[in-house]
Structure formats: C-alpha cells, structure tokens
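Report on one structure; see the data block that follows.
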Amino acid sequence: MLLSMKETILVVGGGIAGMETAVQLKALGLTPVIVEKNSSLGGHVAQWNRLFPDMTPASKVLEPYDEALKEVDIYTDTEIASINSLQKEYAAVLSNGKTLRCKAVVFATGFKLFEAEKKEEYGYGIYDRVITNRDLERWFDTRSDERVPAKPAAIGFVHCVGSRDVKAGNSQCSKVCCITAIKQAIEMKELFPDTEIYCFYMDLRLFGKKYEDFYINAQRDYGIHFIRGRVSEVAETIDGRVQVKAEDTLSGKPVKVKLDLLVLMSGIVCDRANNELARSVSLPLDEDGFFRSLDNIAGVTRTDRKGLFLAGTCSGPKTVPETLAEARSAALQVYQYLKAKKK
Amino acid sequence: MDFGFSLSPSSAIELDTLDSALYRKLCRIEPGARTCIACGSCSATCTAAEHSGMSVRKLLLGLQRGRKAEVERMLSNCMLCGKCTMVCPRGINTRRVILTVCRLYDNVEGTL
C-alpha cells in the first residue's frame, strides 16, 4: 500500500536516469521535480542514433517519457545554484531564482564524454579524417559531416580514448566503448561492405548479455579486423588520409595502416562541473571524480548523507539498462527513506 | 663505402599493403577461423608446439599478416592429432583449418 506522501523530491539532471527516477517517484505517490541544465531532456541518449546490442533506436527509449512525465514539474535551462541542508529537509536555490524545498535529492547528473582533443597524438580537431564516437552517431542521424568520406576504403576505431589512461586523469574503464565500437563498426560495414575496418584495442571487455555474440558476428560475419595494440600516434598523409601507428602486440611488431576515417571511442568520464554541488552538501567524491556511493554492492544508489541519493552514471560508467535499473532502485530507496522517517 | 654499420629492413607490418589473400580464401571456406581470440589454448595443448613452435594461433595471425613462409614452416610440424580442436573455446575446427590451409598452399603455391 502506498503511503500518502506528497513530498517534493528534487531530481538533479534530466537524462534517462533523472527521467526514470522521476517517473518511478511519481508512481510511488511522491512529487518529483526535475532540474535540467540543458534546454531539453534526454541527456546523452538523445545524442545517440542506435543502441547496442539490439540496434534499438535511441529515440524509442526516450519516447515514453513525454507521456510519463506529463504531470511532473520540469525546469530546463536551469542549474542548481546551491543546496542548503535544513533541519528536516533541503532547500535548493535554482538559477532561475526559485527556491525549492524538498525532502530528498536524487543526483542524476550523469557523465561527460572525454574530450578527444586532449589526446593530441590522435589528431582530433587537427586532421580532417578524425572523428569521435559521438560525431559518428550524429552522422548516422544526419548523414552530414564533411569529415566522413563518401566511399572510405579503410576505417579505424580506437578503443579506450581517455579511458584506462592515468595520464588523462581517468584510470577507470569506460565500460561501454568496446561494445559501442563493435556496434559502430558493424553499422559502417553494412553501409560500406567493401571497406576494411580495423579496431585497435587493449582488451575487449564484452561483459553484457549478447555482447560476446555481437563480437563473434563482427569477426565472423562482417570480417572486422581486431588489432591488439593501443594506437600511439596518428599522422596525416600527403593525400589527406590518416596513418595510424600501433604495436601489433600479438605479433610483437609495429603496425601501420592508412585510413580514410578514424573514429575515436571517447570514454565516459566524470563531470567536474558537479564538484561544487557535491561539496555544498558534503557529498564525497571517489578518486575517479564520480560521486561516491554508500558502498559498491548493496548501496550503489545511496550515499552516507541522509536524504541524498544517486542514480545512473554520476557514480561511474554504466550502460542504458543499468542506468534505468539504478534509477528505479534510487526511487525505491527514496520511498523507503521517507517511510522510515514517518514512523 | 663502409661506415661501420648497416641498416636492417623495417619490421613494421603495413596492413594496407600486405598480402592476406590466403587468409581471405581460408575465411571463405572456414568462416570460423575469423573468430580466433588468440587465447593460446591451441598452442598450449599442442604436442608438437614444444619442439617445433607449431601454433594454430600464430598460424592464423601469420596468414593475416602475410607471413607465408613462417606459416608453411609451422604447418609441416602438425601431426593432425586434433587436440587443438578439442580445446578451442570458440569452437573453431582448427584441424580442418590446418588441412584447408595445406590445400590452399598446394593449389596456390605448389608447395607442401
């Protein structure tokens, strides 16, 4: 039985984690309010074309939220100026001047995609034939990007760009790039069957349901070449292509290849823009810069601060289904928390 | 003129110019060969490996990288016992791969 609670819950961030949390809070009889800094909801998923491993259109994941969030208060183009801890609740001051009193706060502030230009040796923003995974998704949507040639003879994918890279400040594995590279490689091979496609990887981490099958398909049915070795540098050739250098670690020899398009798999990294917000409510950050959960097994969506909860990639790299599951879990945690408080 | 040193040829693999025709032919007949993940089970179990350097993993990689002579040397050491087929986690019929490669060498190269 639902408790009769009309308490306001602040949900910071309107990506899939925030939206799903709000939908579930609403269903539990609470009053969620979403505050989103961008002009529309949907976060990173809204910038993606199709999702692994079933090639689901990203728009299909977002579609139901229009209806489901109809009765939820949403502030877009709005940031949190500050959150103050009162005796029994929190008061959030929004950038639009409003103050919101709420019983709990769910942080669903998400992640940032690693800025590929920081790995200067890969030439993003320098060479015309180098793009990122996000650029390619946009190209799938729009088919307009002058960096993507009409008939590429060879395409390369660089895994772990900015991930598992201590010097780039991100020691963590971004988790979703291996499978995203394989998805995008297959999509390109379907569009350009005669194109040679090379994936340069350090390890392939295909942990999820159907991921390994996806990999086997990419190898066997699409003939995508997997080269074990991290790309060390990219250079432009005289005819405007790019030459990639790596070590073929399985052969123990240096390897070179000229490509018409190079796709950098920028990884999920923490969004440092949230640091100030976290500090204002004494929410600890992990060494990797993501929000710190109460623990990493049973308390992923909880924090060591009363009334503050986490959902989605603000606590670390996650897939879409993991994020959704976590959002539902966070909503339940909020509900349990309020219920215990009422007693 | 002797400068007291000499240049050795580059050992770099150039993926766009190397000759992998044999590998592509093999994959048309045995698509499973493409699914090798270089785990090394085949070499670890191979009776001939210890004394001869035979390795199905290296054989497949050698074909992809155009190292035909090296592959040929390895093939001559295989006793076709099929232990590698038993242990392959990808279910590649490695024994048949070896026989296919031998047949391809026969047709294409006239060797073996």
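FYI, nothing fancy with the structure tokens labels: chains A, B, ... in order, residues from 1 per chain, ligands from 1 as they appear.
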May I ask you to extract the residues of chain B within 9 Å of chain A, using only C-alpha atoms, and to give them as a PDB file with C-alpha atoms, in the first residue's frame?
```
ATOM      1  CA  SER B  11      59.990  -4.981 -39.284  1.00  0.00           C
ATOM      2  CA  ALA B  12      56.803  -2.908 -39.330  1.00  0.00           C
ATOM      3  CA  ILE B  13      53.635  -4.552 -40.598  1.00  0.00           C
ATOM      4  CA  GLU B  14      51.829  -2.404 -43.147  1.00  0.00           C
ATOM      5  CA  LEU B  15      48.236  -3.556 -43.011  1.00  0.00           C
ATOM      6  CA  ASP B  16      47.126  -1.920 -46.250  1.00  0.00           C
ATOM      7  CA  THR B  17      49.852  -3.345 -48.449  1.00  0.00           C
ATOM      8  CA  CYS B  27      37.865 -17.490 -44.326  1.00  0.00           C
ATOM      9  CA  PRO B  31      34.480 -18.513 -41.649  1.00  0.00           C
ATOM     10  CA  GLY B  32      35.026 -19.761 -38.109  1.00  0.00           C
ATOM     11  CA  ALA B  33      38.746 -19.074 -38.485  1.00  0.00           C
ATOM     12  CA  ARG B  34      37.971 -15.384 -38.147  1.00  0.00           C
ATOM     13  CA  THR B  35      36.652 -15.815 -34.616  1.00  0.00           C
ATOM     14  CA  CYS B  36      40.065 -16.619 -33.082  1.00  0.00           C
ATOM     15  CA  ALA B  38      44.307 -15.513 -29.617  1.00  0.00           C
ATOM     16  CA  LYS B  58      50.265 -17.949 -34.713  1.00  0.00           C
ATOM     17  CA  LEU B  61      47.851 -14.430 -37.265  1.00  0.00           C
ATOM     18  CA  GLY B  62      50.702 -15.170 -39.698  1.00  0.00           C
ATOM     19  CA  ARG B  65      49.881 -10.565 -41.654  1.00  0.00           C
ATOM     20  CA  ARG B  90      35.381 -20.524 -29.974  1.00  0.00           C
TER      21      ARG B  90
END
```
I'd like the neighbourhood of Leu80 of chain B as a short mmCIF file (atom, residue, chain, number, x, y, z; two decimals) with C-alpha atoms, in the first residue's frame, where a residue qualifies if any of its atoms comes within 12 Å (using only C-alpha atoms), though same-chain residues fewer than 2 positions away should be ignored.
```cif
data_model
loop_
_atom_site.label_atom_id
_atom_site.label_comp_id
_atom_site.auth_asym_id
_atom_site.auth_seq_id
_atom_site.Cartn_x
_atom_site.Cartn_y
_atom_site.Cartn_z
CA CYS B 46 49.79 -28.89 -28.94
CA THR B 47 52.13 -31.89 -28.69
CA ALA B 48 54.32 -30.54 -31.46
CA MET B 54 53.67 -25.06 -34.03
CA VAL B 56 47.32 -22.51 -34.69
CA LEU B 75 52.30 -26.46 -40.90
CA SER B 76 54.98 -29.04 -41.63
CA ASN B 77 55.18 -29.82 -37.90
CA CYS B 78 51.49 -30.55 -37.35
CA GLY B 82 43.19 -32.64 -33.31
CA LYS B 83 43.82 -31.76 -29.67
CA CYS B 84 43.65 -28.06 -30.56
CA THR B 85 40.13 -28.56 -31.91
CA ASN B 93 37.55 -26.60 -36.27
CA THR B 94 41.28 -25.98 -36.13
CA ARG B 95 42.17 -29.37 -37.59
CA ARG B 96 40.07 -28.61 -40.64
CA VAL B 97 41.58 -25.11 -40.77
CA ILE B 98 45.04 -26.66 -40.94
CA LEU B 99 44.01 -29.10 -43.67
CA CYS B 102 47.56 -27.06 -46.61
#
```
Quick one: residues within 10 Å of Cys39 of chain B, only C-alpha atoms, excluding same-chain residues fewer than 2 positions away - as a list in words?
Cys36, Ile37, Ser41, Cys42, Ser43, Ala44, Arg57, Cys88, Pro89 and Arg90 of chain B
Residues just named, written with N, CA and C atoms as a short mmCIF file (atom, residue, chain, number, x, y, z; two decimals), in the first residue's frame:
```cif
data_model
loop_
_atom_site.label_atom_id
_atom_site.label_comp_id
_atom_site.auth_asym_id
_atom_site.auth_seq_id
_atom_site.Cartn_x
_atom_site.Cartn_y
_atom_site.Cartn_z
N CYS B 36 38.96 -16.38 -34.03
CA CYS B 36 40.07 -16.62 -33.08
C CYS B 36 40.25 -15.40 -32.19
N ILE B 37 40.40 -15.65 -30.87
CA ILE B 37 40.64 -14.55 -29.94
C ILE B 37 42.05 -14.63 -29.36
N SER B 41 45.02 -21.47 -26.25
CA SER B 41 44.72 -22.84 -25.81
C SER B 41 45.30 -23.85 -26.78
N CYS B 42 45.18 -23.56 -28.07
CA CYS B 42 45.64 -24.49 -29.10
C CYS B 42 47.14 -24.77 -28.98
N SER B 43 47.91 -23.69 -28.77
CA SER B 43 49.36 -23.86 -28.67
C SER B 43 49.73 -24.55 -27.37
N ALA B 44 48.97 -24.24 -26.31
CA ALA B 44 49.28 -24.81 -25.00
C ALA B 44 49.09 -26.32 -24.99
N ARG B 57 47.18 -20.51 -33.33
CA ARG B 57 47.01 -19.07 -33.11
C ARG B 57 47.98 -18.28 -33.98
N CYS B 88 39.58 -25.54 -28.28
CA CYS B 88 39.27 -24.18 -28.76
C CYS B 88 37.94 -23.67 -28.17
N PRO B 89 37.96 -22.56 -27.40
CA PRO B 89 36.72 -22.08 -26.76
C PRO B 89 35.75 -21.47 -27.78
N ARG B 90 36.25 -21.10 -28.94
CA ARG B 90 35.38 -20.52 -29.97
C ARG B 90 34.80 -21.60 -30.88
#
```
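The residue that comes closest to Ile197 of chain A, out of A:Leu41, A:Ala330, A:Cys160, A:Leu261 and on the basis of only C-alpha atoms, is A:Leu261.
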Can you list, as an MDAnalysis selection string, every residue of segment 244-292 of chain A that DSSP puts in helix (DSSP H, G or I)?
chainID A and resid 272:280
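Taking atom CA of Leu26 of chain B and atom CA of Glu72 of chain B as endpoints, the distance between them is 14.4 Å.
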Val130 of chain A: which residues within 9 Å, counting only C-alpha atoms, same-chain residues fewer than 6 positions away excluded, as a PyMOL selection string?
chain A and resi 122-124+147-148+242+260-264
Same residues, C-alpha atoms, saved as an mmCIF file, in the first residue's frame:
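The resulting file, selection.cif, is reproduced below:
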```cif
data_model
loop_
_atom_site.group_PDB
_atom_site.id
_atom_site.type_symbol
_atom_site.label_atom_id
_atom_site.label_comp_id
_atom_site.auth_asym_id
_atom_site.auth_seq_id
_atom_site.Cartn_x
_atom_site.Cartn_y
_atom_site.Cartn_z
ATOM 1 C CA TYR A 122 45.241 11.189 -32.086
ATOM 2 C CA GLY A 123 44.697 14.405 -34.021
ATOM 3 C CA TYR A 124 41.068 15.173 -33.199
ATOM 4 C CA ARG A 147 34.941 14.593 -42.318
ATOM 5 C CA VAL A 148 33.200 11.331 -43.307
ATOM 6 C CA VAL A 242 45.484 9.429 -41.834
ATOM 7 C CA ASP A 260 40.095 7.283 -44.732
ATOM 8 C CA LEU A 261 38.344 7.720 -41.420
ATOM 9 C CA LEU A 262 39.429 7.257 -37.823
ATOM 10 C CA VAL A 263 36.826 7.047 -35.064
ATOM 11 C CA LEU A 264 37.971 7.728 -31.509
#
```
Assign secondary structure with DSSP using the backbone only, and return the residues of segment 64-283 of chain A in strand (DSSP E) as a PyMOL selection string.
chain A and resi 73-75+80-85+90-94+99-102+104-107+112-113+130-132+154-161+196-201+225-228+233-236+242-248+253-259+261-266+268-269
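The gap separating atom CA of Ile9 of chain A from atom CA of Thr21 of chain A is 10.1 Å, in Å to one decimal.
A straight line drawn from atom CA of Val23 of chain A to atom CA of Lys343 of chain A is 25.1 Å long.
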Contacts of Pro32 of chain A within 10 Å, only C-alpha atoms, excl. fewer than 6 positions in-chain, as a list in words:
Lys6, Glu7, Thr8, Ile9, Leu10, Val11, Gly18, Met19, Thr21, Ala22, Val23, Gln24, Leu25, Lys26, Leu69, Glu71, Val72, Asp73, Ile74, Cys102, Ala104, Val105, Val106 and Ala331 of chain A
